[in-house]
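Notes to accompany the following structure.
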Amino acid sequence: MGDLISTHLDESKREVITARTGELMGEFGRLYEQQQYAVALFNKMRYDIEGGGGPQPQLLHRKVPLQNKSIFSGALFQYLEENKKWRNRFLFIPDTYNIDYFENKQAHDRGLHPKGTINCAGYRVLTSMEEYMELLNTSLQGVKAKVGTSPFLKCATQFPLILWHPYARHYCFCVMTEKEQQKWNAVFQDCVRHTNNGLPEECKVQTPAFTDTVRLYRQAHGHYGTWDMMCGTPPQILANLVMETLLPEMRDLITPKLKGKMHERQRNWMLISDAVYRLVQSQAQAQYEAIVQSCEAGRPPLETTIRTDMDQIITSKEHVTGKIRALVLPKAEKLLKVSIQPYISSILDALMEPTSRGFFEVRDLFFRELVDMSKNLLNDGNKEKLGEHMEKISMLAFHPVKMQSCYEKVESLSLEGLQQRFDISSPSVFVQRAQILMREQMDDAMYTFEQLLHQSLEEKEGEDLCKTIQRCQDRVIKKFDYDSSTVRKKFFREALLQIFIPYMLKQLSPSCSSELPRFQELIFEDFSRFILVENIFEEVVLHTVMKDIMMAVKEAAVQRRHNLYRDSIVLTNSDPNLHLLGENSPIDWTEEYGGGQEEMDGGDVGKDGETPKRRRIKQVVSMIQLENNAFVLPNESCLEVPGVEDIPEEETERRTDASTCQGSLKQVPNGTKEDVNKNEVEEQPAVTNKTTLKEEIDVTQVVVEETYIIESAIQEIENAALEEKHEWGGAVKEENVAESSPLKEETADISDKEVDLTPVCQVETPASGIKKNAPSTTEEKHSGSLLSDQKETNHITESTKDTHSETDYISPSPHDDSGFQSPANEVEGEEPQTGNEACNDSEMGGDTGKKEDAHVDHQ
């Protein structure tokens with residue numbers, strides 16, 4: 001690969017790359033340093049003095065949400081371009097959402113440097129080879145070459161995962177199961193979503209100065225509208241800006257010299273493009289950092305001038321704004337009436353429907369998680385168990401697998417038919433922005449709930465936990481509805497402005513741009529850095545269309561469409577002291593209430609040679625639990641990492657107290673039977689490659705084994721009975737024997753009593769108080785039908801239907817202030833039986849079986 005790059009990227013082509021990058025950065029630096037930086041600084045200082053209106057958020061905001069957290073880790077296959085082979089790699093995703101890949105898990109545990117790091121900004125996640133090949137074929141359009149019979153890339157499994165970038169290197173992975181593919185896809189999508197949002201909003205000067213400079217540069221070159229590659233950090237965005245014009249030029253120079261079949265040329269061009277992109281990005285980063293450093297060095301005198309002449313600057317700007325408005329307003333109003341107003345309502349509807357569904361799904365997910373926690377704490381809940389549950393769901397907003405259902409609601413957003421008219425490249429810009437806002441709302445809601453619950457537990461020690469959870473949840477749900485309305489209305493306004501403003505500027509610039517320079521003469525020279533006629537022109541256009549946008553959003557709120565609130569509505573029960581809780585330190589639920597993680601922090605070296613610092617990093621997403629028939633990769637793909645706290649994301653992983661019950665039977669070779677504990681069940685085979693697995697025994701597997709043993713014993717008894725009937729000379733039909741033959745009745749009684757059918761676990765239905773078995777498989781249902789024939793025995797139950805009494809949750813209506821009913825209030829009658837009581841009953845059943853065994857031996 002090194003020979004390929006050095007051959008096609010010789011010194012002359014590298015000089016071309018450097019020259020094109022320098023030209024763009026020179027123009028960018030002039031706009032940034034001489035114009036937009038001072039304007040952004042003035043706007044920031046003016047905002048600090050005058051303040052901004054609008055409703056205040058009701059939910060608290062977490063300052064550092066992913067402190068000492070990692071997102072995901074696991075093993076999968078990666079395609080290596082160097083040797084064109086698939087190799088197993090261990091991937092670790094820290095809180096930066098960059099993907100680090102290692103040789104294996106042991107290399108990560110020893111703290112070695114990763115073999116590579118992937119910054120996912122600008123990437124797309126593909127899950128099919130057909131889609132990847134379609135995108136790959138567009139990279140060398142117009143190049144004539146022989147199409148080879150062998151594919152460009154042959155995936156090792158049926159479940160590929162490909163990270164595709166228009167300029168950078170592609171990364172190809174694959175996994176063994178569809179479940180793994182779905183989980184990794186959700187994780188990769190979250191990495192792309194997070195890294196695309198690379199401009200920090202807390203930088204009130206550098207971020208707006210950078211975005212305005214990029215927008216003005218693209219407009220000066222005739223590019224209006226949204227831009228898909230406005231993603232990542234400033235150096236990455238600048239590199240994307242350079243590659244827009246540089247890549248076609250390099251393609252014309254290099255592709256005629258590429259040899260081989262089409263797929264070989266595509267592969268070589270991808271490697272060359274990646275080398276060019278990395279070279280451009282390194283040069284852009286160095287020059288951008290020099291520009292920012294120069295601006296920050298000259299910031300103090302600018303701040304002094306602004307503080308001294310703030311009033312004069314504002315007055316001068318208003319005077320020039322009035323002059324420009326008189327020129328632009330008639331043309332803008334005519335354009336607005338003809339080309340904008342007819343489309344406002346339809347575009348707003350297209351934005352509101354999927355976005356509101358996504359936010360409602362966030363609300364329901366938040367509600368369901370807390371209801372599940374209340375159910376688990378209903379029987380024998382205490383603060384220790386509460387701490388365990390809160391530790392699992394506290395990072396719910398950053399769990400990409402759980403949040404995937406919310407994100408998918410917004411992905412249906414479509415502006416088909418309007419994209420070409422208003423120069424919208426794709427709706428992905430709005431989709432990803434809405435998804436980021438949904439994640440922030442979920443984290444704010446969960447963080448507020450944590451603080452309220454922690455405060456309630458400290459103030460009211462003896463109160464029932466379920467009632468406390470319900471009360472805190474009701475308060476958070478109301479605040480979430482209010483903040484959700486505020487956030488969505490702001491998002492709708494910003495999205496409409498992003499659609500309409502570029503279109504209006506493109507239509508008005510030819511007739512107005514030539515008139516703008518004469519207004520610069522009205523500005524004092526001392527204030528010329530803070531007042532720019534180009535910015536004022538855009539502000540006039542913005543205010544022209546803003547009135548109609550505000551009216552459309554306000555009308556939707558008045559009609560309560562999609563649960564939008566009017567701006568005049570303020571929560572009457574808002575907590576004036578709630579925001580004081582936001583200043584508290586983060587709550588470590590496991591350390592404060594669980595008490596089970598303290599041993600991890602002590603000592604110099606933990607298990608498997610891990611340092612305490614590494615073991616304290618908790619993981620947001622749990623590992624994939626392989627199915628029983630799944631193929632196990634050499635390095636255990638996606639298995640549990642020891643010492644990692646996780647969130648189980650599957651319903652089947654929520655184990656009940658039935659897994660602790662005892663009294664199951666195990667048949668021995670000599671025909672005898674003995675009561676054994678579940679812990680004596682045959683253990684799973686040890687895992688190779690020195691990977692420690694988290695041992696867990698599935699209740700379903702145990703029940704299936706017991707059912708098979710029971711059925712085998714009954715079959716042997718029936719065979720023996722048939723032989724006895726033959727000896728007595730009775731070849732009789734089964735239905736006649738069941739009615740008349742006393743021998744069959746005695747044999748049936750023996751078959752009923754010979755095998756002790758102790759239930760695995762008994763669950764007492766809260767509504768009726770009748771004990772029922774809780775089978776989990778179809779085989780267990782069959783064993784239940786056998787139990788129904790044993791009316792003479794006392795150690796079995798009367799009903800074995802596959803039912804499970806569980807309090808259903810109903811999410812409260814967004815308009816209902818009463819919240820939801822706690823599971824504690826929905827249950828009437830007797831309290832459900834705990835796991836220990838069920839185990840005691842099963843043990844009593846086992847003793848009864850022993851007495852009956854003695855009776856059978858006597859017979």
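Labeling convention for the structure tokens: chains A, B, ... as they appear, residues from 1 per chain, ligands from 1 in order of appearance.
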Surrounding residues of Met243 in chain A excluding itself and chain neighbours under 5 positions, 10 Å, only C-alpha atoms, as a ChimeraX atom specification: /A:17,20-21,166-167,237-238,248-250,273,276-277,280-281
Surrounding residues of Val487 in chain A excluding itself and chain neighbours under 4 positions, 9 Å, only C-alpha atoms, as a ChimeraX atom specification: /A:437,441,482-483,491-492
Contacts of Leu253 in chain A at 12 Å (only C-alpha atoms; same-chain gap of 2+ positions) as a PyMOL selection string: chain A and resi 8-10+12-13+16+246-251+255-258+269+272
Those selected residues, please, written with all heavy atoms and delivered as a compact mmCIF listing (two decimals), in the first residue's frame.
```txt
# COMPACT_ATOMS: atom_id res chain seq x y z
N HIS A 8 1.58 7.22 -6.89
CA HIS A 8 0.57 8.11 -7.45
C HIS A 8 0.55 9.48 -6.78
O HIS A 8 0.04 10.43 -7.39
CB HIS A 8 -0.81 7.45 -7.34
CG HIS A 8 -0.97 6.23 -8.19
ND1 HIS A 8 -1.16 6.28 -9.55
CD2 HIS A 8 -0.93 4.91 -7.87
CE1 HIS A 8 -1.25 5.06 -10.03
NE2 HIS A 8 -1.12 4.19 -9.03
N LEU A 9 1.04 9.59 -5.57
CA LEU A 9 1.12 10.90 -4.91
C LEU A 9 2.58 11.33 -4.87
O LEU A 9 3.23 11.34 -3.81
CB LEU A 9 0.52 10.82 -3.49
CG LEU A 9 -1.00 10.66 -3.39
CD1 LEU A 9 -1.44 10.66 -1.94
CD2 LEU A 9 -1.72 11.75 -4.17
N ASP A 10 3.08 11.69 -6.01
CA ASP A 10 4.47 12.13 -6.07
C ASP A 10 4.58 13.58 -5.60
O ASP A 10 3.61 14.19 -5.13
CB ASP A 10 5.00 11.97 -7.49
CG ASP A 10 4.10 12.65 -8.53
OD1 ASP A 10 3.23 13.44 -8.11
OD2 ASP A 10 4.26 12.38 -9.72
N SER A 12 4.96 16.40 -7.17
CA SER A 12 4.16 17.41 -7.87
C SER A 12 2.71 17.42 -7.40
O SER A 12 2.11 18.49 -7.22
CB SER A 12 4.22 17.15 -9.38
OG SER A 12 3.69 15.87 -9.69
N LYS A 13 2.15 16.24 -7.20
CA LYS A 13 0.76 16.18 -6.73
C LYS A 13 0.65 16.65 -5.29
O LYS A 13 -0.38 17.25 -4.90
CB LYS A 13 0.23 14.77 -6.89
CG LYS A 13 0.12 14.33 -8.36
CD LYS A 13 -0.48 12.95 -8.47
CE LYS A 13 -0.61 12.53 -9.92
NZ LYS A 13 0.68 12.46 -10.64
N VAL A 16 0.37 20.31 -5.40
CA VAL A 16 -0.99 20.74 -5.77
C VAL A 16 -1.90 20.70 -4.54
O VAL A 16 -2.70 21.62 -4.32
CB VAL A 16 -1.53 19.85 -6.90
CG1 VAL A 16 -3.00 20.17 -7.16
CG2 VAL A 16 -0.71 20.03 -8.17
N LEU A 246 -10.93 19.73 -4.56
CA LEU A 246 -9.64 19.07 -4.81
C LEU A 246 -9.82 17.65 -5.34
O LEU A 246 -9.06 17.21 -6.22
CB LEU A 246 -8.80 19.06 -3.53
CG LEU A 246 -7.45 18.35 -3.60
CD1 LEU A 246 -6.53 19.02 -4.62
CD2 LEU A 246 -6.79 18.31 -2.23
N LEU A 247 -10.79 16.91 -4.80
CA LEU A 247 -10.94 15.50 -5.18
C LEU A 247 -11.21 15.32 -6.66
O LEU A 247 -10.58 14.45 -7.30
CB LEU A 247 -12.04 14.85 -4.34
CG LEU A 247 -12.11 13.32 -4.42
CD1 LEU A 247 -10.87 12.71 -3.81
CD2 LEU A 247 -13.36 12.79 -3.72
N PRO A 248 -12.13 16.08 -7.30
CA PRO A 248 -12.30 15.90 -8.75
C PRO A 248 -11.02 16.19 -9.53
O PRO A 248 -10.73 15.51 -10.53
CB PRO A 248 -13.40 16.91 -9.09
CG PRO A 248 -14.15 17.10 -7.82
CD PRO A 248 -13.12 17.00 -6.75
N GLU A 249 -10.26 17.19 -9.08
CA GLU A 249 -9.01 17.49 -9.77
C GLU A 249 -8.01 16.35 -9.65
O GLU A 249 -7.34 15.97 -10.64
CB GLU A 249 -8.42 18.79 -9.19
CG GLU A 249 -7.13 19.23 -9.85
CD GLU A 249 -6.60 20.52 -9.26
OE1 GLU A 249 -7.25 21.09 -8.35
OE2 GLU A 249 -5.51 20.96 -9.69
N MET A 250 -7.87 15.78 -8.47
CA MET A 250 -6.95 14.66 -8.27
C MET A 250 -7.44 13.42 -9.01
O MET A 250 -6.61 12.63 -9.52
CB MET A 250 -6.79 14.37 -6.78
CG MET A 250 -6.23 15.52 -5.96
SD MET A 250 -4.61 16.07 -6.54
CE MET A 250 -3.64 14.62 -6.24
N ARG A 251 -8.73 13.23 -9.11
CA ARG A 251 -9.26 12.07 -9.84
C ARG A 251 -8.88 12.16 -11.32
O ARG A 251 -8.51 11.14 -11.94
CB ARG A 251 -10.78 11.99 -9.67
CG ARG A 251 -11.38 10.74 -10.31
CD ARG A 251 -12.89 10.78 -10.32
NE ARG A 251 -13.43 10.77 -8.98
CZ ARG A 251 -14.15 11.74 -8.45
NH1 ARG A 251 -14.41 12.85 -9.17
NH2 ARG A 251 -14.63 11.65 -7.23
N THR A 255 -6.60 8.80 -11.97
CA THR A 255 -7.34 7.62 -12.47
C THR A 255 -6.86 7.12 -13.82
O THR A 255 -6.89 5.90 -14.05
CB THR A 255 -8.84 7.92 -12.52
OG1 THR A 255 -9.07 9.16 -13.23
CG2 THR A 255 -9.41 8.03 -11.11
N PRO A 256 -6.40 7.98 -14.76
CA PRO A 256 -5.90 7.40 -16.02
C PRO A 256 -4.68 6.51 -15.83
O PRO A 256 -4.40 5.65 -16.69
CB PRO A 256 -5.55 8.64 -16.85
CG PRO A 256 -6.43 9.72 -16.31
CD PRO A 256 -6.50 9.44 -14.85
N LYS A 257 -3.97 6.66 -14.74
CA LYS A 257 -2.76 5.87 -14.50
C LYS A 257 -3.03 4.61 -13.68
O LYS A 257 -2.11 3.81 -13.47
CB LYS A 257 -1.72 6.72 -13.78
CG LYS A 257 -1.30 7.96 -14.56
CD LYS A 257 -0.27 8.77 -13.79
CE LYS A 257 0.13 10.02 -14.58
NZ LYS A 257 1.13 10.84 -13.84
N LEU A 258 -4.26 4.43 -13.21
CA LEU A 258 -4.59 3.24 -12.44
C LEU A 258 -4.71 2.04 -13.36
O LEU A 258 -5.27 2.12 -14.45
CB LEU A 258 -5.90 3.44 -11.67
CG LEU A 258 -5.88 4.50 -10.57
CD1 LEU A 258 -7.27 4.64 -9.95
CD2 LEU A 258 -4.86 4.16 -9.49
N TRP A 269 -8.10 3.51 -5.64
CA TRP A 269 -8.52 4.91 -5.55
C TRP A 269 -9.00 5.25 -4.14
O TRP A 269 -8.77 6.36 -3.66
CB TRP A 269 -9.62 5.20 -6.56
CG TRP A 269 -10.23 6.56 -6.40
CD1 TRP A 269 -11.49 6.88 -6.01
CD2 TRP A 269 -9.55 7.82 -6.57
NE1 TRP A 269 -11.67 8.22 -5.94
CE2 TRP A 269 -10.49 8.84 -6.28
CE3 TRP A 269 -8.26 8.18 -6.94
CZ2 TRP A 269 -10.17 10.18 -6.35
CZ3 TRP A 269 -7.95 9.52 -7.02
CH2 TRP A 269 -8.89 10.51 -6.73
N ILE A 272 -5.91 5.92 -2.13
CA ILE A 272 -5.29 7.19 -2.50
C ILE A 272 -6.11 8.36 -1.95
O ILE A 272 -5.55 9.34 -1.43
CB ILE A 272 -5.16 7.27 -4.03
CG1 ILE A 272 -4.19 6.22 -4.54
CG2 ILE A 272 -4.72 8.66 -4.47
CD1 ILE A 272 -4.15 6.09 -6.05
```
DSSP alpha helix (DSSP H) residues within range 371-451 of chain A, as a VMD selection string: chain A and resid 371 to 378 383 to 393 400 to 410 428 to 451
Using only N, CA and C atoms, please write the residues we just selected to a file, as a compact mmCIF listing (two decimals), in the first residue's frame.
```txt
# COMPACT_ATOMS: atom_id res chain seq x y z
N VAL A 371 -41.21 2.11 35.51
CA VAL A 371 -42.25 1.14 35.91
C VAL A 371 -41.62 -0.23 36.16
N ASP A 372 -40.71 -0.63 35.29
CA ASP A 372 -40.02 -1.92 35.50
C ASP A 372 -39.24 -1.91 36.82
N MET A 373 -38.62 -0.79 37.12
CA MET A 373 -37.89 -0.71 38.38
C MET A 373 -38.85 -0.80 39.56
N SER A 374 -40.01 -0.16 39.46
CA SER A 374 -41.01 -0.25 40.54
C SER A 374 -41.50 -1.67 40.72
N LYS A 375 -41.71 -2.39 39.63
CA LYS A 375 -42.15 -3.78 39.73
C LYS A 375 -41.11 -4.65 40.44
N ASN A 376 -39.86 -4.44 40.10
CA ASN A 376 -38.80 -5.23 40.72
C ASN A 376 -38.64 -4.93 42.20
N LEU A 377 -39.01 -3.71 42.60
CA LEU A 377 -38.90 -3.33 44.01
C LEU A 377 -40.18 -3.57 44.77
N LEU A 378 -41.22 -4.07 44.11
CA LEU A 378 -42.53 -4.18 44.74
C LEU A 378 -42.56 -5.20 45.86
N LYS A 383 -33.20 -0.31 49.65
CA LYS A 383 -32.36 0.72 49.06
C LYS A 383 -31.17 0.12 48.32
N GLU A 384 -30.71 -1.04 48.75
CA GLU A 384 -29.60 -1.66 48.04
C GLU A 384 -30.00 -2.05 46.63
N LYS A 385 -31.19 -2.68 46.49
CA LYS A 385 -31.68 -3.03 45.16
C LYS A 385 -32.00 -1.78 44.36
N LEU A 386 -32.52 -0.77 45.02
CA LEU A 386 -32.79 0.49 44.33
C LEU A 386 -31.51 1.09 43.76
N GLY A 387 -30.44 1.03 44.54
CA GLY A 387 -29.17 1.54 44.05
C GLY A 387 -28.67 0.78 42.83
N GLU A 388 -28.88 -0.54 42.82
CA GLU A 388 -28.46 -1.33 41.67
C GLU A 388 -29.25 -0.95 40.42
N HIS A 389 -30.56 -0.79 40.57
CA HIS A 389 -31.39 -0.42 39.42
C HIS A 389 -31.05 0.98 38.92
N MET A 390 -30.86 1.92 39.82
CA MET A 390 -30.56 3.29 39.40
C MET A 390 -29.20 3.37 38.73
N GLU A 391 -28.26 2.55 39.16
CA GLU A 391 -26.95 2.55 38.52
C GLU A 391 -27.06 2.06 37.08
N LYS A 392 -28.01 1.16 36.83
CA LYS A 392 -28.17 0.62 35.49
C LYS A 392 -28.85 1.60 34.54
N ILE A 393 -29.85 2.33 35.02
CA ILE A 393 -30.65 3.17 34.12
C ILE A 393 -30.23 4.63 34.15
N PRO A 400 -27.29 3.35 23.19
CA PRO A 400 -27.78 3.43 21.81
C PRO A 400 -28.78 2.35 21.45
N VAL A 401 -28.68 1.17 22.07
CA VAL A 401 -29.59 0.09 21.73
C VAL A 401 -30.99 0.38 22.25
N LYS A 402 -31.09 0.83 23.48
CA LYS A 402 -32.39 1.18 24.04
C LYS A 402 -32.99 2.41 23.36
N MET A 403 -32.14 3.37 23.01
CA MET A 403 -32.62 4.60 22.38
C MET A 403 -32.87 4.43 20.88
N GLN A 404 -32.53 3.29 20.32
CA GLN A 404 -32.67 3.11 18.88
C GLN A 404 -34.12 3.23 18.44
N SER A 405 -35.06 2.73 19.24
CA SER A 405 -36.47 2.83 18.88
C SER A 405 -36.92 4.29 18.80
N CYS A 406 -36.34 5.14 19.63
CA CYS A 406 -36.67 6.58 19.57
C CYS A 406 -36.06 7.22 18.32
N TYR A 407 -34.81 6.87 18.03
CA TYR A 407 -34.15 7.46 16.86
C TYR A 407 -34.82 7.04 15.56
N GLU A 408 -35.32 5.81 15.51
CA GLU A 408 -35.94 5.33 14.27
C GLU A 408 -37.20 6.10 13.93
N LYS A 409 -37.89 6.63 14.92
CA LYS A 409 -39.11 7.40 14.65
C LYS A 409 -38.80 8.63 13.82
N VAL A 410 -37.66 9.27 14.07
CA VAL A 410 -37.31 10.50 13.37
C VAL A 410 -36.75 10.22 11.98
N SER A 428 -30.92 14.52 6.35
CA SER A 428 -30.11 13.93 7.40
C SER A 428 -29.63 14.99 8.40
N VAL A 429 -29.44 16.23 7.93
CA VAL A 429 -29.00 17.30 8.84
C VAL A 429 -30.04 17.50 9.93
N PHE A 430 -31.32 17.54 9.57
CA PHE A 430 -32.39 17.75 10.54
C PHE A 430 -32.64 16.51 11.39
N VAL A 431 -32.47 15.33 10.78
CA VAL A 431 -32.69 14.09 11.53
C VAL A 431 -31.67 13.95 12.65
N GLN A 432 -30.41 14.17 12.34
CA GLN A 432 -29.38 14.02 13.37
C GLN A 432 -29.51 15.09 14.44
N ARG A 433 -29.89 16.29 14.06
CA ARG A 433 -30.09 17.33 15.07
C ARG A 433 -31.23 16.98 16.01
N ALA A 434 -32.33 16.47 15.47
CA ALA A 434 -33.46 16.06 16.32
C ALA A 434 -33.05 14.91 17.24
N GLN A 435 -32.26 13.98 16.76
CA GLN A 435 -31.83 12.86 17.59
C GLN A 435 -30.91 13.32 18.72
N ILE A 436 -30.06 14.29 18.45
CA ILE A 436 -29.21 14.83 19.52
C ILE A 436 -30.08 15.50 20.58
N LEU A 437 -31.10 16.24 20.17
CA LEU A 437 -31.99 16.89 21.13
C LEU A 437 -32.78 15.86 21.94
N MET A 438 -33.18 14.76 21.31
CA MET A 438 -33.89 13.71 22.03
C MET A 438 -33.00 13.09 23.10
N ARG A 439 -31.75 12.86 22.76
CA ARG A 439 -30.83 12.29 23.76
C ARG A 439 -30.62 13.26 24.92
N GLU A 440 -30.49 14.55 24.63
CA GLU A 440 -30.32 15.53 25.69
C GLU A 440 -31.55 15.58 26.59
N GLN A 441 -32.75 15.51 26.00
CA GLN A 441 -33.97 15.53 26.81
C GLN A 441 -34.08 14.31 27.71
N MET A 442 -33.71 13.16 27.18
CA MET A 442 -33.75 11.94 28.00
C MET A 442 -32.76 12.05 29.16
N ASP A 443 -31.57 12.53 28.90
CA ASP A 443 -30.57 12.64 29.96
C ASP A 443 -31.00 13.68 30.99
N ASP A 444 -31.59 14.79 30.56
CA ASP A 444 -32.07 15.79 31.51
C ASP A 444 -33.18 15.22 32.39
N ALA A 445 -34.09 14.45 31.78
CA ALA A 445 -35.17 13.85 32.56
C ALA A 445 -34.63 12.85 33.58
N MET A 446 -33.70 12.00 33.16
CA MET A 446 -33.15 11.00 34.06
C MET A 446 -32.33 11.65 35.17
N TYR A 447 -31.57 12.69 34.83
CA TYR A 447 -30.76 13.37 35.84
C TYR A 447 -31.65 14.08 36.86
N THR A 448 -32.73 14.71 36.38
CA THR A 448 -33.67 15.35 37.31
C THR A 448 -34.33 14.33 38.22
N PHE A 449 -34.71 13.18 37.67
CA PHE A 449 -35.31 12.13 38.48
C PHE A 449 -34.32 11.62 39.53
N GLU A 450 -33.07 11.46 39.16
CA GLU A 450 -32.06 11.03 40.12
C GLU A 450 -31.96 12.00 41.29
N GLN A 451 -31.90 13.28 41.00
CA GLN A 451 -31.74 14.27 42.06
C GLN A 451 -32.98 14.33 42.96
```
12 Å contact set for Glu50 in chain A, only C-alpha atoms, chain neighbours under 6 positions out, as a PyMOL selection string: chain A and resi 43-44+310-311+314
Would you output that residue set with N, CA and C atoms, as a short mmCIF file (atom, residue, chain, number, x, y, z; two decimals), in the first residue's frame?
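So the final result, stored in selection_10.cif, reads:
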```cif
data_model
loop_
_atom_site.label_atom_id
_atom_site.label_comp_id
_atom_site.auth_asym_id
_atom_site.auth_seq_id
_atom_site.Cartn_x
_atom_site.Cartn_y
_atom_site.Cartn_z
N ASN A 43 -21.58 40.14 19.53
CA ASN A 43 -22.90 39.55 19.80
C ASN A 43 -22.92 38.82 21.14
N LYS A 44 -21.84 38.15 21.47
CA LYS A 44 -21.78 37.42 22.74
C LYS A 44 -21.81 38.38 23.93
N MET A 310 -20.20 50.33 23.51
CA MET A 310 -21.33 49.44 23.23
C MET A 310 -22.54 50.20 22.70
N ASP A 311 -22.94 51.29 23.35
CA ASP A 311 -24.13 52.04 22.94
C ASP A 311 -23.94 52.64 21.55
N ILE A 314 -24.25 49.92 18.89
CA ILE A 314 -25.63 49.51 18.68
C ILE A 314 -26.40 50.56 17.88
#
```
Members of range 7-129 of chain A assigned strand (DSSP E or B) by DSSP, as a ChimeraX atom specification: /A:69-70,72-80,85-93,99-102,116-118,124-126
Nearby residues (only C-alpha atoms) at most 7 Å from Val175 in chain A, same-chain spacing under 3 positions excluded, as a PyMOL selection string: chain A and resi 76-77+157+159-160+180-181
Selection export as a compact mmCIF listing (two decimals), in the first residue's frame, atoms kept: all heavy atoms:
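The result, stored in result.txt:
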```txt
# COMPACT_ATOMS: atom_id res chain seq x y z
N LEU A 76 -15.23 -8.49 17.00
CA LEU A 76 -15.84 -8.85 15.73
C LEU A 76 -14.74 -9.01 14.69
O LEU A 76 -13.57 -8.78 14.96
CB LEU A 76 -16.88 -7.81 15.29
CG LEU A 76 -16.65 -6.31 15.54
CD1 LEU A 76 -15.46 -5.78 14.79
CD2 LEU A 76 -17.89 -5.53 15.17
N PHE A 77 -15.12 -9.40 13.48
CA PHE A 77 -14.17 -9.57 12.39
C PHE A 77 -13.97 -8.25 11.66
O PHE A 77 -14.93 -7.53 11.39
CB PHE A 77 -14.65 -10.63 11.40
CG PHE A 77 -14.57 -12.03 11.92
CD1 PHE A 77 -15.70 -12.81 12.06
CD2 PHE A 77 -13.35 -12.59 12.27
CE1 PHE A 77 -15.64 -14.10 12.52
CE2 PHE A 77 -13.27 -13.88 12.74
CZ PHE A 77 -14.41 -14.64 12.86
N THR A 157 -19.19 -13.39 6.64
CA THR A 157 -20.47 -13.86 7.16
C THR A 157 -21.60 -13.17 6.40
O THR A 157 -21.37 -12.37 5.49
CB THR A 157 -20.61 -13.56 8.67
OG1 THR A 157 -20.70 -12.14 8.86
CG2 THR A 157 -19.41 -14.09 9.44
N PHE A 159 -23.60 -11.05 7.82
CA PHE A 159 -24.01 -9.87 8.60
C PHE A 159 -22.87 -8.85 8.60
O PHE A 159 -22.12 -8.74 9.58
CB PHE A 159 -24.38 -10.27 10.03
CG PHE A 159 -25.40 -11.37 10.08
CD1 PHE A 159 -25.02 -12.68 10.34
CD2 PHE A 159 -26.74 -11.10 9.84
CE1 PHE A 159 -25.96 -13.69 10.38
CE2 PHE A 159 -27.69 -12.11 9.88
CZ PHE A 159 -27.30 -13.41 10.14
N PRO A 160 -22.71 -8.10 7.50
CA PRO A 160 -21.63 -7.11 7.45
C PRO A 160 -21.99 -5.81 8.14
O PRO A 160 -23.17 -5.49 8.36
CB PRO A 160 -21.46 -6.88 5.93
CG PRO A 160 -22.83 -7.11 5.39
CD PRO A 160 -23.46 -8.18 6.24
N GLU A 180 -26.20 -9.52 16.90
CA GLU A 180 -24.95 -8.76 17.01
C GLU A 180 -24.91 -7.62 16.01
O GLU A 180 -24.49 -6.50 16.32
CB GLU A 180 -23.76 -9.69 16.78
CG GLU A 180 -23.45 -10.63 17.91
CD GLU A 180 -22.21 -11.44 17.62
OE1 GLU A 180 -22.26 -12.33 16.76
OE2 GLU A 180 -21.17 -11.15 18.24
N GLN A 181 -25.37 -7.88 14.80
CA GLN A 181 -25.36 -6.85 13.77
C GLN A 181 -26.24 -5.67 14.16
O GLN A 181 -25.87 -4.50 13.99
CB GLN A 181 -25.84 -7.43 12.44
CG GLN A 181 -25.73 -6.45 11.28
CD GLN A 181 -26.41 -6.99 10.03
OE1 GLN A 181 -27.50 -7.56 10.09
NE2 GLN A 181 -25.77 -6.80 8.89
```
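For Gly26 in chain A, the residues within 10 Å (counting only C-alpha atoms, excluding itself and residues fewer than 6 positions away along the chain) are Arg20, Tyr32, Gln287, Tyr288 and Ile291 of chain A.
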Distance criterion (only C-alpha atoms): nearest to Thr305 in chain A out of A:Phe527, A:Tyr343, A:Tyr593, A:Tyr565: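 Among A:Phe527, A:Tyr343, A:Tyr593, A:Tyr565, it is A:Phe527 that comes nearest to Thr305 in chain A.
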